[in-house]
$ cat final.txt   # compact mmCIF, C-alpha atoms and all ligand atoms
# COMPACT_ATOMS: atom_id res chain seq x y z
CA MET E 1 -12.68 -34.59 3.49
CA ILE E 2 -9.47 -34.67 1.47
CA TRP E 3 -9.02 -30.91 2.03
CA LYS E 4 -9.48 -31.36 5.78
CA PHE E 5 -6.68 -33.92 5.77
CA ILE E 6 -4.38 -31.73 3.65
CA ILE E 7 -5.00 -28.74 5.93
CA PHE E 8 -4.33 -30.92 8.98
CA LEU E 9 -0.92 -31.81 7.51
CA VAL E 10 -0.07 -28.29 6.35
CA ARG E 11 -0.88 -26.91 9.80
CA LYS E 12 1.93 -29.01 11.27
CA LEU E 13 4.43 -26.90 9.29
CA ASP E 14 5.95 -23.52 10.03
CA PRO E 15 3.21 -21.01 9.03
CA GLU E 16 5.32 -19.21 6.44
CA ILE E 17 6.40 -22.48 4.79
CA ALA E 18 2.76 -23.63 4.89
CA HIS E 19 1.79 -20.41 3.14
CA GLN E 20 4.43 -20.91 0.45
CA ILE E 21 3.17 -24.46 -0.12
CA SER E 22 -0.40 -23.18 -0.45
CA LEU E 23 0.72 -20.69 -3.10
CA ILE E 24 2.62 -23.39 -5.00
CA ALA E 25 -0.41 -25.71 -4.82
CA LEU E 26 -2.61 -22.95 -6.20
CA LYS E 27 -0.13 -22.21 -8.99
CA LEU E 28 -0.08 -25.91 -9.90
CA GLY E 29 -3.86 -25.98 -10.02
CA LEU E 30 -4.14 -28.23 -6.94
CA HIS E 31 -7.26 -26.54 -5.64
CA PRO E 32 -10.99 -27.13 -5.68
CA ARG E 33 -12.98 -25.75 -8.62
CA LEU E 34 -16.15 -24.51 -7.04
CA LYS E 35 -19.47 -23.61 -8.57
CA ARG E 36 -19.89 -19.86 -8.44
CA ILE E 37 -22.13 -18.51 -5.66
CA GLU E 38 -23.67 -15.14 -6.45
CA ILE E 39 -24.57 -12.67 -3.70
CA PRO E 40 -24.08 -9.53 -5.77
CA VAL E 41 -23.06 -6.10 -4.50
CA LYS E 42 -22.53 -2.87 -6.42
CA ILE E 43 -20.47 -0.05 -4.98
CA ASN E 44 -19.26 2.97 -6.90
CA ASN E 45 -18.79 1.69 -10.44
CA LEU E 46 -17.71 -1.74 -9.22
CA ASN E 47 -19.85 -4.86 -9.61
CA PHE E 48 -19.02 -7.73 -7.28
CA PHE E 49 -20.63 -11.10 -7.98
CA ASN E 50 -20.32 -11.73 -4.29
CA PHE E 51 -19.23 -9.63 -1.33
CA LEU E 52 -16.52 -11.88 0.12
CA GLY E 53 -12.83 -11.23 -0.52
CA VAL E 54 -9.32 -12.37 0.27
CA ALA E 55 -7.63 -9.70 2.39
CA ALA E 56 -4.20 -8.25 1.63
CA GLY E 57 -1.19 -10.30 2.66
CA PHE E 58 -2.31 -13.62 1.18
CA ASP E 59 -1.17 -12.90 -2.39
CA LYS E 60 1.44 -10.23 -1.80
CA ASN E 61 3.04 -10.55 -5.24
CA ALA E 62 -0.02 -11.04 -7.47
CA GLN E 63 0.96 -14.62 -8.21
CA VAL E 64 -2.31 -16.51 -7.80
CA ILE E 65 -5.14 -14.06 -8.53
CA GLU E 66 -6.67 -16.21 -11.23
CA LYS E 67 -6.62 -19.23 -8.93
CA ILE E 68 -8.47 -17.28 -6.25
CA HIS E 69 -11.38 -16.99 -8.74
CA TYR E 70 -11.91 -20.74 -8.36
CA LEU E 71 -12.24 -20.52 -4.59
CA ASN E 72 -15.49 -18.56 -4.85
CA PHE E 73 -14.25 -15.22 -3.61
CA GLY E 74 -15.78 -12.18 -5.32
CA LEU E 75 -12.70 -10.03 -4.83
CA ALA E 76 -9.05 -10.24 -3.88
CA GLU E 77 -6.65 -7.62 -2.63
CA ILE E 78 -3.04 -8.15 -3.61
CA GLY E 79 -0.06 -6.65 -1.77
CA THR E 80 1.00 -4.85 0.22
CA ILE E 81 3.31 -3.86 -2.64
CA THR E 82 6.22 -1.49 -1.98
CA PRO E 83 8.20 0.37 -4.68
CA LEU E 84 11.36 -1.72 -4.20
CA PRO E 85 11.63 -5.41 -3.30
CA GLN E 86 11.87 -5.93 0.44
CA TYR E 87 12.88 -8.96 2.51
CA GLY E 88 10.91 -7.92 5.58
CA ASN E 89 11.73 -8.84 9.16
CA PRO E 90 13.91 -11.84 10.07
CA LYS E 91 12.17 -15.23 10.13
CA PRO E 92 10.31 -16.70 11.93
CA ARG E 93 7.77 -13.89 11.67
CA ILE E 94 4.38 -15.60 11.48
CA PHE E 95 3.01 -17.45 14.50
CA ARG E 96 -0.16 -19.48 14.97
CA LEU E 97 -2.20 -19.24 18.14
CA GLU E 98 -3.91 -22.55 17.41
CA LYS E 99 -6.20 -22.63 20.43
CA ASP E 100 -7.48 -19.14 19.71
CA GLN E 101 -7.78 -19.45 15.91
CA ALA E 102 -5.47 -16.47 15.65
CA ILE E 103 -2.21 -15.42 14.02
CA ILE E 104 0.50 -12.98 15.04
CA ASN E 105 2.61 -11.72 12.14
CA ARG E 106 5.47 -9.28 11.93
CA ASN E 107 6.28 -9.78 8.26
CA GLY E 108 7.20 -6.17 7.57
CA PHE E 109 5.98 -5.87 3.97
CA ASN E 110 8.03 -8.73 2.54
CA ASN E 111 7.36 -8.55 -1.20
CA LEU E 112 9.06 -8.64 -4.59
CA GLY E 113 8.42 -4.97 -5.31
CA MET E 114 6.41 -3.01 -7.85
CA ALA E 115 8.25 -4.05 -11.05
CA GLN E 116 7.62 -7.76 -10.40
CA ALA E 117 4.00 -7.10 -9.47
CA ILE E 118 3.49 -5.18 -12.73
CA LYS E 119 4.79 -8.16 -14.73
CA LYS E 120 2.26 -10.46 -13.06
CA LEU E 121 -0.55 -7.95 -13.36
CA LYS E 122 0.05 -7.38 -17.07
CA HIS E 123 -0.27 -11.09 -17.63
CA TYR E 124 -3.43 -11.34 -15.51
CA ARG E 125 -5.08 -8.31 -17.13
CA LYS E 126 -4.64 -9.72 -20.63
CA LYS E 127 -7.15 -12.38 -19.63
CA PHE E 128 -9.25 -10.41 -17.15
CA PRO E 129 -9.34 -6.72 -18.05
CA VAL E 130 -10.11 -4.02 -15.49
CA GLY E 131 -13.85 -4.01 -14.90
CA SER E 132 -14.27 -7.83 -15.02
CA ASP E 133 -16.73 -9.05 -12.42
CA PHE E 134 -13.98 -10.49 -10.22
CA VAL E 135 -12.79 -7.34 -8.51
CA LEU E 136 -9.09 -6.77 -7.88
CA GLY E 137 -7.80 -4.38 -5.23
CA VAL E 138 -4.15 -3.33 -5.18
CA ASN E 139 -2.79 -2.54 -1.73
CA ILE E 140 0.22 -0.19 -1.53
CA GLY E 141 2.68 0.84 1.17
CA PRO E 142 6.11 2.45 1.47
CA ASN E 143 9.48 0.76 1.76
CA LYS E 144 10.76 0.60 5.32
CA ASP E 145 13.99 2.47 4.55
CA SER E 146 12.51 4.98 2.13
CA ASN E 147 13.61 8.54 2.82
CA ASN E 148 10.39 9.87 1.33
CA ARG E 149 7.35 7.75 2.07
CA PHE E 150 4.97 10.25 0.42
CA GLN E 151 6.92 9.83 -2.78
CA ASP E 152 6.63 6.05 -2.41
CA TYR E 153 2.83 6.31 -2.36
CA GLU E 154 2.97 8.47 -5.49
CA ILE E 155 5.31 6.07 -7.32
CA LEU E 156 3.08 3.12 -6.45
CA SER E 157 -0.20 4.71 -7.46
CA ARG E 158 1.36 5.96 -10.68
CA GLY E 159 2.72 2.51 -11.59
CA LEU E 160 -0.12 0.29 -10.40
CA SER E 161 -3.39 2.20 -10.94
CA GLU E 162 -3.91 1.01 -14.49
CA PHE E 163 -4.16 -2.59 -13.23
CA ALA E 164 -6.43 -1.96 -10.25
CA ASP E 165 -10.21 -2.01 -9.91
CA TYR E 166 -9.58 -0.18 -6.68
CA LEU E 167 -6.51 0.99 -4.81
CA THR E 168 -5.95 0.51 -1.08
CA ILE E 169 -3.69 2.86 0.80
CA ASN E 170 -2.19 0.90 3.64
CA ILE E 171 -1.31 3.14 6.59
CA SER E 172 -2.00 0.57 9.24
CA SER E 173 0.50 -2.28 9.31
CA PRO E 174 2.05 -2.37 12.80
CA ASN E 175 5.23 -3.94 11.38
CA THR E 176 6.67 -0.99 9.46
CA PRO E 177 8.02 1.47 12.02
CA ASN E 178 6.00 4.73 12.22
CA LEU E 179 3.64 3.74 9.38
CA ARG E 180 0.69 4.30 11.67
CA ASP E 181 1.75 7.98 12.02
CA PHE E 182 -0.11 8.46 8.73
CA HIS E 183 -3.32 8.29 10.77
CA GLU E 184 -2.48 11.84 11.90
CA ILE E 185 -4.55 14.13 9.73
CA GLU E 186 -1.79 16.40 8.48
CA ASN E 187 0.21 13.36 7.32
CA LEU E 188 -2.85 11.66 5.92
CA GLU E 189 -3.74 14.67 3.78
CA LYS E 190 -0.23 14.54 2.30
CA VAL E 191 -0.53 10.81 1.60
CA LEU E 192 -3.84 11.36 -0.18
CA ILE E 193 -2.37 14.16 -2.30
CA SER E 194 0.58 11.91 -3.21
CA VAL E 195 -1.71 9.06 -4.24
CA LYS E 196 -3.91 11.37 -6.29
CA ASN E 197 -0.87 12.88 -8.00
CA GLY E 198 0.28 9.37 -8.84
CA ILE E 199 -3.11 8.40 -10.28
CA ALA E 200 -3.23 11.59 -12.33
CA LYS E 201 0.13 10.71 -13.87
CA SER E 202 -0.78 7.07 -14.45
CA LYS E 203 -2.09 5.57 -17.66
CA ASN E 204 -5.42 5.16 -15.90
CA MET E 205 -5.95 8.88 -15.45
CA GLU E 206 -9.08 9.14 -17.60
CA LEU E 207 -10.84 6.57 -15.42
CA TYR E 208 -12.34 7.05 -12.00
CA LEU E 209 -10.40 4.82 -9.65
CA PRO E 210 -11.94 4.04 -6.25
CA ILE E 211 -9.50 4.51 -3.36
CA PHE E 212 -9.85 2.80 0.01
CA LEU E 213 -7.95 3.63 3.15
CA LYS E 214 -7.01 0.66 5.34
CA ILE E 215 -6.98 1.69 8.97
CA SER E 216 -5.75 0.35 12.28
CA PRO E 217 -8.17 -0.83 14.97
CA ASP E 218 -5.81 0.65 17.59
CA ILE E 219 -6.69 4.32 17.05
CA ASN E 220 -9.25 6.16 19.18
CA GLU E 221 -12.73 7.27 18.20
CA HIS E 222 -11.73 10.92 17.90
CA ASN E 223 -9.05 9.99 15.37
CA LEU E 224 -11.52 7.78 13.50
CA ASN E 225 -13.91 10.73 13.28
CA LEU E 226 -11.21 12.95 11.80
CA ILE E 227 -10.10 10.26 9.35
CA ILE E 228 -13.67 9.80 8.11
CA GLU E 229 -14.02 13.56 7.69
CA THR E 230 -10.74 13.70 5.76
CA ALA E 231 -11.66 10.72 3.59
CA ASN E 232 -14.97 12.35 2.69
CA LYS E 233 -13.39 15.73 1.97
CA ASN E 234 -10.89 14.08 -0.37
CA ASN E 235 -13.46 11.95 -2.24
CA ILE E 236 -12.05 8.68 -0.98
CA SER E 237 -14.41 5.75 -1.67
CA GLY E 238 -14.23 4.26 1.78
CA LEU E 239 -12.37 2.54 4.58
CA ILE E 240 -11.13 -0.96 5.21
CA VAL E 241 -11.72 -1.70 8.87
CA SER E 242 -9.34 -3.08 9.91
CA ASN E 243 -5.74 -4.22 9.85
CA THR E 244 -4.27 -6.33 12.67
CA THR E 245 -4.09 -5.15 16.30
CA VAL E 246 -1.16 -4.81 18.67
CA ASP E 247 -3.52 -5.53 21.59
CA ARG E 248 -3.09 -8.75 23.53
CA TYR E 249 -6.13 -10.05 25.41
CA LYS E 250 -5.91 -11.70 28.84
CA TYR E 251 -8.17 -14.57 27.84
CA LEU E 252 -5.82 -15.76 25.07
CA HIS E 253 -3.79 -18.93 25.54
CA PRO E 254 -0.11 -18.22 26.21
CA ASP E 255 1.34 -20.12 23.22
CA ASN E 256 3.12 -17.57 21.02
CA LEU E 257 1.26 -14.70 22.70
CA HIS E 258 4.55 -13.05 23.66
CA GLU E 259 5.55 -12.63 20.00
CA ASP E 260 5.62 -9.07 18.63
CA GLY E 261 3.47 -8.17 15.67
CA GLY E 262 -0.14 -7.77 14.60
CA LEU E 263 -2.81 -10.09 15.93
CA SER E 264 -5.51 -11.30 13.53
CA GLY E 265 -8.18 -13.98 13.40
CA LYS E 266 -10.94 -14.76 15.89
CA PRO E 267 -9.77 -12.53 18.79
CA LEU E 268 -9.74 -9.50 16.46
CA PHE E 269 -13.43 -9.89 15.62
CA LYS E 270 -14.86 -7.89 18.50
CA LYS E 271 -12.50 -4.95 18.27
CA SER E 272 -12.58 -4.58 14.49
CA THR E 273 -16.38 -5.03 14.35
CA THR E 274 -16.94 -2.48 17.12
CA PHE E 275 -14.83 -0.07 15.11
CA LEU E 276 -16.70 -0.87 11.93
CA ALA E 277 -20.03 -0.18 13.63
CA ILE E 278 -18.75 3.15 14.98
CA ALA E 279 -17.47 4.13 11.53
CA ASN E 280 -20.83 3.21 10.00
CA LYS E 281 -22.67 5.33 12.58
CA ILE E 282 -20.47 8.36 11.90
CA ILE E 283 -20.84 7.98 8.11
CA LYS E 284 -24.62 7.57 8.35
CA HIS E 285 -24.99 10.48 10.75
CA ARG E 286 -23.03 12.80 8.47
CA LYS E 287 -24.67 11.43 5.32
CA TYR E 288 -21.28 10.80 3.73
CA ASN E 289 -20.97 8.67 0.64
CA LEU E 290 -18.31 6.31 2.00
CA TYR E 291 -18.23 2.53 1.71
CA LEU E 292 -16.97 0.09 4.34
CA ILE E 293 -14.96 -3.06 3.76
CA ALA E 294 -14.78 -5.19 6.90
CA ALA E 295 -11.81 -7.36 7.89
CA GLY E 296 -10.96 -9.00 11.19
CA GLY E 297 -11.95 -12.36 12.60
CA VAL E 298 -14.39 -13.57 9.95
CA LEU E 299 -14.50 -17.35 10.38
CA ASP E 300 -17.94 -18.44 9.29
CA ALA E 301 -21.27 -17.30 7.89
CA LYS E 302 -22.42 -15.84 11.20
CA SER E 303 -19.36 -13.65 11.69
CA ALA E 304 -19.62 -12.47 8.07
CA TYR E 305 -23.33 -11.70 8.59
CA ALA E 306 -22.46 -9.78 11.77
CA LYS E 307 -20.03 -7.61 9.80
CA ILE E 308 -22.82 -6.75 7.33
CA LEU E 309 -25.25 -6.03 10.18
CA CYS E 310 -22.65 -3.62 11.60
CA GLY E 311 -22.31 -1.75 8.30
CA ALA E 312 -20.01 -3.66 5.93
CA HIS E 313 -20.63 -3.41 2.19
CA LEU E 314 -17.91 -6.00 1.56
CA VAL E 315 -16.13 -8.49 3.84
CA GLN E 316 -12.56 -9.76 3.67
CA LEU E 317 -10.74 -12.54 5.47
CA TYR E 318 -7.28 -13.99 5.73
CA SER E 319 -6.47 -15.82 8.98
CA SER E 320 -9.42 -18.22 8.89
CA MET E 321 -8.32 -19.49 5.48
CA THR E 322 -5.05 -20.63 7.03
CA PHE E 323 -7.02 -22.67 9.58
CA ASP E 324 -9.90 -23.85 7.38
CA GLY E 325 -8.37 -24.15 3.94
CA PRO E 326 -9.55 -23.32 0.43
CA LEU E 327 -13.21 -24.21 0.96
CA ILE E 328 -13.78 -21.38 3.43
CA ALA E 329 -15.46 -18.94 1.02
CA ASP E 330 -17.79 -21.63 -0.25
CA LYS E 331 -18.71 -22.58 3.31
CA ILE E 332 -19.35 -18.96 4.34
CA LEU E 333 -21.40 -18.09 1.25
CA LYS E 334 -23.59 -21.20 1.49
CA GLY E 335 -24.12 -20.51 5.20
CA LEU E 336 -24.96 -16.89 4.50
CA LEU E 337 -27.56 -17.83 1.90
CA GLN E 338 -29.19 -20.00 4.57
CA LEU E 339 -29.17 -17.14 7.07
CA MET E 340 -30.68 -14.80 4.47
CA ASN E 341 -33.34 -17.38 3.76
CA ARG E 342 -34.08 -17.82 7.46
CA ASP E 343 -34.36 -14.05 7.90
CA ASN E 344 -36.37 -13.66 4.72
CA ILE E 345 -34.04 -11.14 3.07
CA SER E 346 -33.21 -11.09 -0.61
CA SER E 347 -30.19 -8.79 -0.54
CA ILE E 348 -27.54 -8.10 2.06
CA THR E 349 -28.22 -4.39 1.67
CA ASP E 350 -31.61 -5.02 3.38
CA VAL E 351 -29.83 -5.59 6.71
CA ARG E 352 -26.62 -3.62 6.26
CA GLY E 353 -25.93 -1.43 9.28
CA LEU E 354 -29.05 -2.54 11.16
CA VAL E 355 -27.25 -2.64 14.52
CA ASP E 356 -24.46 -0.68 16.14
CA ASN E 357 -22.38 -3.29 17.95
CA PRO E 358 -21.03 -6.81 17.44
CA ASP E 359 -22.98 -8.36 20.33
CA ALA E 360 -26.32 -7.27 18.90
CA ALA E 361 -25.16 -8.45 15.48
CA MET E 362 -24.15 -11.89 16.75
CA LYS E 363 -27.50 -12.19 18.56
CA ILE E 364 -29.26 -11.74 15.22
CA ALA E 365 -26.82 -14.03 13.45
CA ASN E 366 -27.46 -16.74 16.06
CA ASN E 367 -31.19 -16.36 16.72
CA GLY E 368 -32.59 -14.75 13.60
CA LEU E 369 -33.84 -11.32 12.76
CA ILE E 370 -37.48 -11.86 13.76
CA ASN E 371 -36.68 -13.54 17.09
CA ASN E 372 -34.30 -10.77 17.92
CA LEU E 373 -36.66 -7.97 17.00
CA GLN E 374 -39.37 -9.57 19.15
CA THR E 375 -37.18 -9.77 22.30
C1 LIG I 401 0.32 -13.25 7.66
C2 LIG I 401 -0.44 -11.98 7.41
C3 LIG I 401 0.07 -11.04 6.52
C4 LIG I 401 -0.62 -9.86 6.28
N1 LIG I 401 -0.11 -8.95 5.39
C5 LIG I 401 -0.82 -7.82 5.12
C6 LIG I 401 -0.34 -6.90 4.17
O1 LIG I 401 0.70 -7.10 3.52
N2 LIG I 401 -1.05 -5.77 3.96
C7 LIG I 401 -2.23 -5.50 4.64
O2 LIG I 401 -2.85 -4.46 4.39
N3 LIG I 401 -2.69 -6.38 5.53
C8 LIG I 401 -2.04 -7.52 5.79
N4 LIG I 401 -2.53 -8.41 6.70
C9 LIG I 401 -3.78 -8.08 7.43
C10 LIG I 401 -5.01 -8.71 6.76
O3 LIG I 401 -5.19 -8.20 5.46
C11 LIG I 401 -6.29 -8.43 7.59
O4 LIG I 401 -6.54 -7.04 7.60
C12 LIG I 401 -6.18 -8.91 9.03
O5 LIG I 401 -5.44 -10.10 9.10
C13 LIG I 401 -7.54 -9.13 9.67
O6 LIG I 401 -8.28 -10.11 8.98
P1 LIG I 401 -8.32 -11.66 9.47
O7 LIG I 401 -8.66 -11.64 10.93
O8 LIG I 401 -9.38 -12.28 8.62
O9 LIG I 401 -6.98 -12.23 9.20
C14 LIG I 401 -1.85 -9.60 6.95
C15 LIG I 401 -2.36 -10.57 7.84
C16 LIG I 401 -1.68 -11.74 8.05
C17 LIG I 401 -2.26 -12.75 9.01
$ encode --input "final.txt" --output "structure tokens"
Amino acid sequence: MIWKFIIFLVRKLDPEIAHQISLIALKLGLHPRLKRIEIPVKINNLNFFNFLGVAAGFDKNAQVIEKIHYLNFGLAEIGTITPLPQYGNPKPRIFRLEKDQAIINRNGFNNLGMAQAIKKLKHYRKKFPVGSDFVLGVNIGPNKDSNNRFQDYEILSRGLSEFADYLTINISSPNTPNLRDFHEIENLEKVLISVKNGIAKSKNMELYLPIFLKISPDINEHNLNLIIETANKNNISGLIVSNTTVDRYKYLHPDNLHEDGGLSGKPLFKKSTTFLAIANKIIKHRKYNLYLIAAGGVLDAKSAYAKILCGAHLVQLYSSMTFDGPLIADKILKGLLQLMNRDNISSITDVRGLVDNPDAAMKIANNGLINNLQT
């Protein structure tokens, strides 16, 4: 109840100020301390005590990782971190679409840069070494004004790999001009070489480091096919599907809809989940060993379940936490355990990738596996 009231107050503030206040509250320890909920997943050499994570953008500067442990997430992805500190676009740059449970942001990789992140990560890793069961992803991207973005990816993977349980290559923010050009295969190959060169030169080089590629939901299926082929050829661990969209849907309420930037939250669910299901189908068909992390419009247990039904091994969220507050993971995990109980499944891998579109997935999430299979 108290959290509902606090969230109600915080939501009256400018979204970026509200976010800063949330980070300060976490730093000060003003957060719930929740009993751990285990829904374990193992992918590659990574053990997750549960499959639900905080998506990139929430803790850009690795300031509150330890506090996120308390909120019952099984993983967190920090960043996007750029080599040099970067202010980002002029404020205001984050906008709520309250009636649609959505956000538009055009932050532009505002962050304190790699050196600051390393300081925080060193501190964190003293207490929680790489390989702890809370999994930490490090999301990297180039500086806006860099004259060699490939080099930026190499610098970042060289400097940050030793702290990461997995590395995410961000090529999909719509707010860094031309970043999405790295979805073109020739460019992507060069990015992957740069990242691998960086890892090879890092202190982590004797370890196998999983690499994920975070993609845009605004590419076409042909491009997705080529990206999956390239990821497989280059031994990438998997894809994060997806970042925000530049689409604007007619059914959305007009408040703030005119703002430029990437749209996230509830209205992104259908597009990102459709894309996830397509990616899963391609990977299955080609028998590739690629994992899928879902992001986009996860608000509750049913939407998280739908992501798993469409092929997700892991699920991330960001926007819904800004609307629902710090109890969101707890709520989703408890709800998911109930859905698993209803559907008589003991592990989420039993239903992973069972359907190939979000509508079919939501039908199961709403009505149950048995009911749905009988109709
Ligand atoms: C304010 C804000 C900032 C974000 N910053 C980043 C970022 O720095 N790097 C990144 O890869 N994704 C970033 N994202 C995208 C999220 O990680 C996620 O992919 C997207 O919001 C979809 O998930 P959601 O609907 O649960 O928010 C950001 C999203 C929001 C709302």
$ residues_around --input "final.txt" --residues "E:Leu333" --least-positions-apart "4" --cutoff "12 Å" --atoms "all atoms listed in the file" --output "JSON, numbers by chain"
{"E": [34, 35, 36, 37, 38, 39, 40, 49, 50, 51, 52, 53, 71, 72, 73, 74, 299, 300, 301, 302, 303, 304, 305, 315, 327, 328, 329, 337, 338, 339, 340, 348]}
$ residues_near_ligand --input "final.txt" --ligand "ligand LIG 401 (chain I)" --cutoff "6 Å" --atoms "only C-alpha atoms and all ligand atoms" --output "PyMOL selection string"
chain E and resi 55-57+79-80+103+105+109+170+242-244+264-265+295-298+317-320
$ residues_around --input "final.txt" --residues "stretch 363-372 of chain E" --least-positions-apart "3" --cutoff "12 Å" --atoms "all atoms listed in the file" --output "compact mmCIF listing (two decimals) with C-alpha atoms, in the frame of the given file"
# COMPACT_ATOMS: atom_id res chain seq x y z
CA ASP E 300 -17.94 -18.44 9.29
CA ALA E 301 -21.27 -17.30 7.89
CA LYS E 302 -22.42 -15.84 11.20
CA SER E 303 -19.36 -13.65 11.69
CA ALA E 304 -19.62 -12.47 8.07
CA TYR E 305 -23.33 -11.70 8.59
CA ALA E 306 -22.46 -9.78 11.77
CA LYS E 307 -20.03 -7.61 9.80
CA ILE E 308 -22.82 -6.75 7.33
CA LEU E 309 -25.25 -6.03 10.18
CA CYS E 310 -22.65 -3.62 11.60
CA GLY E 335 -24.12 -20.51 5.20
CA LEU E 336 -24.96 -16.89 4.50
CA GLN E 338 -29.19 -20.00 4.57
CA LEU E 339 -29.17 -17.14 7.07
CA MET E 340 -30.68 -14.80 4.47
CA ASN E 341 -33.34 -17.38 3.76
CA ARG E 342 -34.08 -17.82 7.46
CA ASP E 343 -34.36 -14.05 7.90
CA ASN E 344 -36.37 -13.66 4.72
CA ILE E 345 -34.04 -11.14 3.07
CA ASP E 350 -31.61 -5.02 3.38
CA VAL E 351 -29.83 -5.59 6.71
CA LEU E 354 -29.05 -2.54 11.16
CA VAL E 355 -27.25 -2.64 14.52
CA ASN E 357 -22.38 -3.29 17.95
CA PRO E 358 -21.03 -6.81 17.44
CA ASP E 359 -22.98 -8.36 20.33
CA ALA E 360 -26.32 -7.27 18.90
CA THR E 375 -37.18 -9.77 22.30
$ atom_distance --input "final.txt" --atom1 "atom CA of E:Gln101" --atom2 "atom CA of E:Tyr251"
12.9 Å
$ atom_distance --input "final.txt" --atom1 "atom CA of E:Lys99" --atom2 "atom CA of E:Ile78"
28.2 Å
$ residues_around --input "final.txt" --residues "stretch 6-8 of chain E" --least-positions-apart "2" --cutoff "10 Å" --atoms "all atoms listed in the file" --output "NGL selection string"
:E and (1-4 or 10-13 or 18 or 22 or 321-326)
$ residues_near_point --input "final.txt" --point "(-5.0, 2.3, 4.0)" --cutoff "12 Å" --atoms "all atoms listed in the file" --output "number ranges by chain"
E: 56, 79-80, 137-142, 153, 166-173, 179-183, 188, 191-192, 195, 211-217, 227, 231, 236-243, 293
$ write_last_selection --input "final.txt" --atoms "C-alpha atoms" --output "tab-separated table (two decimals), in the coordinates of the input"
chain	number	residue	atom	x	y	z
E	56	ALA	CA	-4.20	-8.25	1.63
E	79	GLY	CA	-0.06	-6.65	-1.77
E	80	THR	CA	1.00	-4.85	0.22
E	137	GLY	CA	-7.80	-4.38	-5.23
E	138	VAL	CA	-4.15	-3.33	-5.18
E	139	ASN	CA	-2.79	-2.54	-1.73
E	140	ILE	CA	0.22	-0.19	-1.53
E	141	GLY	CA	2.68	0.84	1.17
E	142	PRO	CA	6.11	2.45	1.47
E	153	TYR	CA	2.83	6.31	-2.36
E	166	TYR	CA	-9.58	-0.18	-6.68
E	167	LEU	CA	-6.51	0.99	-4.81
E	168	THR	CA	-5.95	0.51	-1.08
E	169	ILE	CA	-3.69	2.86	0.80
E	170	ASN	CA	-2.19	0.90	3.64
E	171	ILE	CA	-1.31	3.14	6.59
E	172	SER	CA	-2.00	0.57	9.24
E	173	SER	CA	0.50	-2.28	9.31
E	179	LEU	CA	3.64	3.74	9.38
E	180	ARG	CA	0.69	4.30	11.67
E	181	ASP	CA	1.75	7.98	12.02
E	182	PHE	CA	-0.11	8.46	8.73
E	183	HIS	CA	-3.32	8.29	10.77
E	188	LEU	CA	-2.85	11.66	5.92
E	191	VAL	CA	-0.53	10.81	1.60
E	192	LEU	CA	-3.84	11.36	-0.18
E	195	VAL	CA	-1.71	9.06	-4.24
E	211	ILE	CA	-9.50	4.51	-3.36
E	212	PHE	CA	-9.85	2.80	0.01
E	213	LEU	CA	-7.95	3.63	3.15
E	214	LYS	CA	-7.01	0.66	5.34
E	215	ILE	CA	-6.98	1.69	8.97
E	216	SER	CA	-5.75	0.35	12.28
E	217	PRO	CA	-8.17	-0.83	14.97
E	227	ILE	CA	-10.10	10.26	9.35
E	231	ALA	CA	-11.66	10.72	3.59
E	236	ILE	CA	-12.05	8.68	-0.98
E	237	SER	CA	-14.41	5.75	-1.67
E	238	GLY	CA	-14.23	4.26	1.78
E	239	LEU	CA	-12.37	2.54	4.58
E	240	ILE	CA	-11.13	-0.96	5.21
E	241	VAL	CA	-11.72	-1.70	8.87
E	242	SER	CA	-9.34	-3.08	9.91
E	243	ASN	CA	-5.74	-4.22	9.85
E	293	ILE	CA	-14.96	-3.06	3.76
$ atom_distance --input "final.txt" --atom1 "atom CA of E:Asp356" --atom2 "atom CA of E:Thr274"
7.8 Å
$ closest_residue --input "final.txt" --among "E:Gln116, E:Ile283, E:Glu66, E:Asp247" --to "E:Pro129" --atoms "only C-alpha atoms"
E:Glu66
$ closest_atom_pairs --input "final.txt" --of "stretch 191-263 of chain E" --to "stretch 91-96 of chain E" --cutoff "9 Å" --atoms "all atoms listed in the file" --output "tab-separated table"
residue	atom	partner	partner_atom	distance
E:Asp255	CA	E:Arg96	CA	8.4
E:Asn256	CA	E:Phe95	CA	6.5
E:Leu257	CA	E:Phe95	CA	8.8
E:Glu259	CA	E:Phe95	CA	7.7
E:Asp260	CA	E:Arg93	CA	8.7
E:Gly261	CA	E:Arg93	CA	8.2
$ closest_residue --input "final.txt" --among "E:Ile81, E:Ile193, E:Leu268, E:Val130" --to "E:Asp218" --atoms "only C-alpha atoms"
E:Leu268
$ decode --input "final.txt" --residues "stretch 56-70 of chain E" --atoms "C-alpha atoms" --output "compact mmCIF listing (two decimals), in the first residue's frame"
# COMPACT_ATOMS: atom_id res chain seq x y z
CA ALA E 56 19.18 -1.59 -19.98
CA GLY E 57 18.56 2.08 -19.34
CA PHE E 58 17.38 1.78 -15.74
CA ASP E 59 20.84 1.62 -14.16
CA LYS E 60 22.95 3.25 -16.85
CA ASN E 61 25.95 3.88 -14.60
CA ALA E 62 26.04 0.69 -12.51
CA GLN E 63 25.04 2.57 -9.38
CA VAL E 64 22.36 0.35 -7.86
CA ILE E 65 23.05 -3.22 -9.01
CA GLU E 66 23.22 -4.61 -5.50
CA LYS E 67 19.92 -2.95 -4.63
CA ILE E 68 18.25 -4.56 -7.63
CA HIS E 69 19.03 -7.94 -6.00
CA TYR E 70 16.49 -7.07 -3.30
